[in-house]
Each structure stands twice: as structure tokens, then as C-alpha cells.
Amino acid sequence: MLKLAATYAAKRTTNDRSAWHALTRGLRRQAELNRRVASDLPLAFKWIYLLTNAPFFYVGYATLRDGHALPWCGPPAIAAALTLAAGSASVLFHGTQCGCWTFEPLSVPGARWATRRVDPVFVEPSIFTNTIDVVCAVQLAIFVLACNGGLGASHWATVLFPTLGLLVSSTALKRLRLYRTYVVVHSLWHVAP
């Protein structure tokens with residue numbers, strides 16, 4: 001019985017390690033793709049790409065100014081804060097991704113501990129800022145869905161499925177190393193919702 005338990009524990013540890021290595025390998029690949037986006041795009045493409053985040057800032061400002069720019073529930077300040085945070089995180093990530101500026105997560109005071117406890121890929125600038133971008137976008141999406149009662153079937157068919165299609169397509173284009181097409185399609189993803 002002990003031998004069986006030890007064998008199970010060894011397999012479980014090996015599988016956990018394999019999953020961890022697969023994750024870090026995938027993140028390293030993502031970081032390399034992000035570096036190639038930066039090297040492949042002309043400067044005008046990079047700045048137009050960043051400007052496609054303007055709707056986030058307009059909606060956030062309009063929500064603060066008018067109370068409700070979109071049919072959201074709750075205090076307008078929360079909706080505006082989530083929208084502005086999503087726009088800011090997107091600009092931070094895509095600016096880092098495109099090489100418009102550098103961002104070093106370890107320059108934040110107190111963050112040096114990460115070099116001893118975390119795989120370096122997690123603090124690679126484009127991965128770190130991408131994580132911030134995804135977290136802010138998901139929080140905004142959950143807020144919008146919760147405030148609209150999950151949205152109706154017609155909204156899913158006419159808005160959400162095509163919008164998610166743009167996101168999935170842009171991700172596939174980046175993996176296929178079609179960086180300019182990726183930027184165009186991902187820019188549409190920024191503007192479409």
C-alpha cells in the first residue's frame with residue numbers, strides 16, 4: 001500500500017512539474033512573439049494601435065460626466081473606474097508589447113523579492129503587463145454582464161460572438177507571425193465592444 005501511495009505521489013509531482021513547465025514554456029513563447037511584434041511594426045502602426053484604446057477613455061469620461069454612458073448598474077464611479085483601468089492597462093501592455101516604452105516590473109519598490117521566488121518569465125515586461133491587461137478586461141466584462149442580467153440571446157449573437165471572434169482571430173494571427181494583420185484585427189477588437 002505504501003509503495004502504491006509513493007508511486008502515485010511521484011507521478012503527481014511529475015505531472016504537476018510538467019504542467020508548470022508547459023505554462024512557463026508557453027509564456028516564454030508569448031514573450032518572444034511580443035518582442036517580434038515590436039520589431040516588425042513601423043512606428044505609425046504602433047501609435048495607431050495604441051490610439052484604438054481611445055473608446056475606453058471616452059466611455060469612462062462620459063460615464064463620470066453624464067452618470068451613465070452605457071446601460072450599467074451601480075454607481076457610475078465604479079463603471080468609470082473599471083473602464084478607465086481597462087483602457088490604461090491595455091495602453092500599458094500594448095505600448096510595452098510594441099516597444100513604444102519600456103516597463104520594468106522589478107523597478108516597483110519592494111518587488112525585488114520576485115527574482116528569488118518567481119520564474120523570471122512572470123516578470124518579463126510584456127507578460128507582466130499582459131496579465132494586468134487581462135485582469136482589468138475580465139473585471140470590466142464581468143461587471144457589464146452582471147449589470148445587464150447576463151444579456152439577452154440577441155446581444156450575444158449580434159455583439160459578443162463577433163467581438164470574441166476578433167479576439168480569437170487576432171491571437172491566432174499573432175501565433176502565425178502575421179503581426180501587421182494581428183494589429184489590425186486586434187485594433188478592431190479594441191473598438192468593437
# chains A, B, ... in the order shown; residues from 1 in each chain; ligands from 1
$ residues_around --residues "Phe56 of chain A" --least-positions-apart "6" --cutoff "9 Å" --atoms "only C-alpha atoms" --output "count of residues only"
8
$ closest_residue --among "A:Gln139, A:Gln30, A:Ala79, A:Tyr49" --to "Gly95 of chain A" --atoms "only C-alpha atoms"
A:Tyr49
$ closest_residue --among "A:Cys136, A:Ala77, A:Leu188, A:Cys100" --to "Leu41 of chain A" --atoms "only C-alpha atoms"
A:Cys100
$ atom_distance --atom1 "atom CA of Pro76 of chain A" --atom2 "atom CA of Leu92 of chain A"
23.9 Å
$ closest_residue --among "A:Pro42, A:Ile127, A:Tyr61, A:Arg25" --to "Ile78 of chain A" --atoms "only C-alpha atoms"
A:Tyr61
$ closest_residue --among "A:Ala81, A:Val37, A:Ser170, A:Thr52" --to "Leu64 of chain A" --atoms "only C-alpha atoms"
A:Ala81
$ atom_distance --atom1 "atom CA of Leu173 of chain A" --atom2 "atom CA of Leu145 of chain A"
27.7 Å
$ residues_around --residues "Val135 of chain A" --least-positions-apart "4" --cutoff "12 Å" --atoms "only C-alpha atoms" --output "PyMOL selection string"
chain A and resi 82+85-87+89-90+93+128-131+139-142
$ write_last_selection --atoms "all heavy atoms" --output "CSV table (one decimal), in the first residue's frame"
chain,number,residue,atom,x,y,z
A,82,LEU,N,-13.6,51.1,-13.7
A,82,LEU,CA,-13.3,49.8,-14.4
A,82,LEU,C,-12.9,50.1,-15.8
A,82,LEU,O,-12.0,49.5,-16.4
A,82,LEU,CB,-14.4,48.9,-14.2
A,82,LEU,CG,-14.6,48.3,-12.8
A,82,LEU,CD1,-15.9,47.4,-12.8
A,82,LEU,CD2,-13.4,47.4,-12.5
A,85,ALA,N,-9.6,51.8,-16.1
A,85,ALA,CA,-8.5,50.9,-15.7
A,85,ALA,C,-8.2,49.9,-16.9
A,85,ALA,O,-7.1,49.6,-17.2
A,85,ALA,CB,-8.9,50.1,-14.5
A,86,ALA,N,-9.3,49.5,-17.5
A,86,ALA,CA,-9.1,48.6,-18.7
A,86,ALA,C,-8.4,49.3,-19.8
A,86,ALA,O,-7.5,48.7,-20.4
A,86,ALA,CB,-10.5,48.0,-19.1
A,87,GLY,N,-8.7,50.5,-20.1
A,87,GLY,CA,-8.1,51.3,-21.1
A,87,GLY,C,-6.6,51.5,-20.8
A,87,GLY,O,-5.7,51.4,-21.6
A,89,ALA,N,-4.7,49.8,-18.7
A,89,ALA,CA,-3.9,48.5,-18.7
A,89,ALA,C,-3.6,48.1,-20.2
A,89,ALA,O,-2.5,47.6,-20.5
A,89,ALA,CB,-4.7,47.5,-18.0
A,90,SER,N,-4.6,48.3,-21.1
A,90,SER,CA,-4.4,48.0,-22.5
A,90,SER,C,-3.3,48.8,-23.1
A,90,SER,O,-2.4,48.3,-23.8
A,90,SER,CB,-5.7,48.1,-23.2
A,90,SER,OG,-5.6,47.7,-24.5
A,93,PHE,N,0.1,47.6,-21.7
A,93,PHE,CA,0.5,46.4,-22.3
A,93,PHE,C,0.9,46.6,-23.8
A,93,PHE,O,2.0,46.2,-24.2
A,93,PHE,CB,-0.5,45.3,-22.2
A,93,PHE,CG,-0.3,44.1,-23.1
A,93,PHE,CD1,0.9,43.4,-23.0
A,93,PHE,CD2,-1.2,43.7,-24.1
A,93,PHE,CE1,1.2,42.3,-23.8
A,93,PHE,CE2,-0.9,42.7,-24.9
A,93,PHE,CZ,0.3,41.9,-24.8
A,128,PHE,N,4.0,40.5,-17.8
A,128,PHE,CA,3.5,41.2,-16.6
A,128,PHE,C,2.4,42.1,-17.0
A,128,PHE,O,1.3,42.1,-16.4
A,128,PHE,CB,4.7,41.9,-15.9
A,128,PHE,CG,4.3,42.4,-14.6
A,128,PHE,CD1,4.3,41.6,-13.5
A,128,PHE,CD2,4.1,43.8,-14.4
A,128,PHE,CE1,4.0,42.1,-12.2
A,128,PHE,CE2,3.8,44.3,-13.2
A,128,PHE,CZ,3.7,43.5,-12.1
A,129,THR,N,2.7,43.0,-18.0
A,129,THR,CA,1.6,44.0,-18.4
A,129,THR,C,0.5,43.3,-19.1
A,129,THR,O,-0.7,43.8,-18.9
A,129,THR,CB,2.2,45.1,-19.3
A,129,THR,OG1,2.9,44.5,-20.4
A,129,THR,CG2,3.3,45.9,-18.5
A,130,ASN,N,0.7,42.2,-19.8
A,130,ASN,CA,-0.4,41.5,-20.4
A,130,ASN,C,-1.3,40.9,-19.3
A,130,ASN,O,-2.6,40.9,-19.4
A,130,ASN,CB,0.1,40.3,-21.3
A,130,ASN,CG,-1.0,39.7,-22.1
A,130,ASN,OD1,-2.1,40.2,-22.3
A,130,ASN,ND2,-0.6,38.5,-22.6
A,131,THR,N,-0.8,40.4,-18.2
A,131,THR,CA,-1.6,39.9,-17.1
A,131,THR,C,-2.4,41.0,-16.5
A,131,THR,O,-3.6,40.8,-16.3
A,131,THR,CB,-0.7,39.3,-16.0
A,131,THR,OG1,0.2,38.3,-16.6
A,131,THR,CG2,-1.4,38.7,-14.9
A,139,GLN,N,-12.5,41.9,-15.4
A,139,GLN,CA,-13.3,42.5,-14.4
A,139,GLN,C,-14.3,43.4,-15.0
A,139,GLN,O,-15.5,43.4,-14.6
A,139,GLN,CB,-12.4,43.4,-13.5
A,139,GLN,CG,-11.6,42.5,-12.5
A,139,GLN,CD,-10.7,43.4,-11.7
A,139,GLN,OE1,-10.4,44.5,-11.9
A,139,GLN,NE2,-10.2,42.8,-10.6
A,140,LEU,N,-14.0,44.2,-16.1
A,140,LEU,CA,-14.9,45.0,-16.8
A,140,LEU,C,-16.0,44.2,-17.4
A,140,LEU,O,-17.2,44.5,-17.3
A,140,LEU,CB,-14.2,45.9,-17.8
A,140,LEU,CG,-15.1,46.8,-18.6
A,140,LEU,CD1,-15.9,47.8,-17.7
A,140,LEU,CD2,-14.3,47.5,-19.7
A,141,ALA,N,-15.6,43.1,-18.1
A,141,ALA,CA,-16.6,42.2,-18.7
A,141,ALA,C,-17.6,41.6,-17.7
A,141,ALA,O,-18.8,41.6,-18.0
A,141,ALA,CB,-15.9,41.1,-19.5
A,142,ILE,N,-17.1,41.1,-16.6
A,142,ILE,CA,-18.0,40.6,-15.6
A,142,ILE,C,-18.9,41.6,-15.0
A,142,ILE,O,-20.1,41.4,-14.8
A,142,ILE,CB,-17.1,39.9,-14.4
A,142,ILE,CG1,-16.4,38.7,-14.9
A,142,ILE,CG2,-18.0,39.6,-13.2
A,142,ILE,CD1,-15.4,38.1,-14.0
$ closest_residue --among "A:Ser18, A:Ala192, A:Val144, A:His186" --to "Ala172 of chain A" --atoms "only C-alpha atoms"
A:His186
$ closest_residue --among "A:Tyr179, A:Trp101, A:Trp47, A:Trp20" --to "Leu33 of chain A" --atoms "only C-alpha atoms"
A:Tyr179
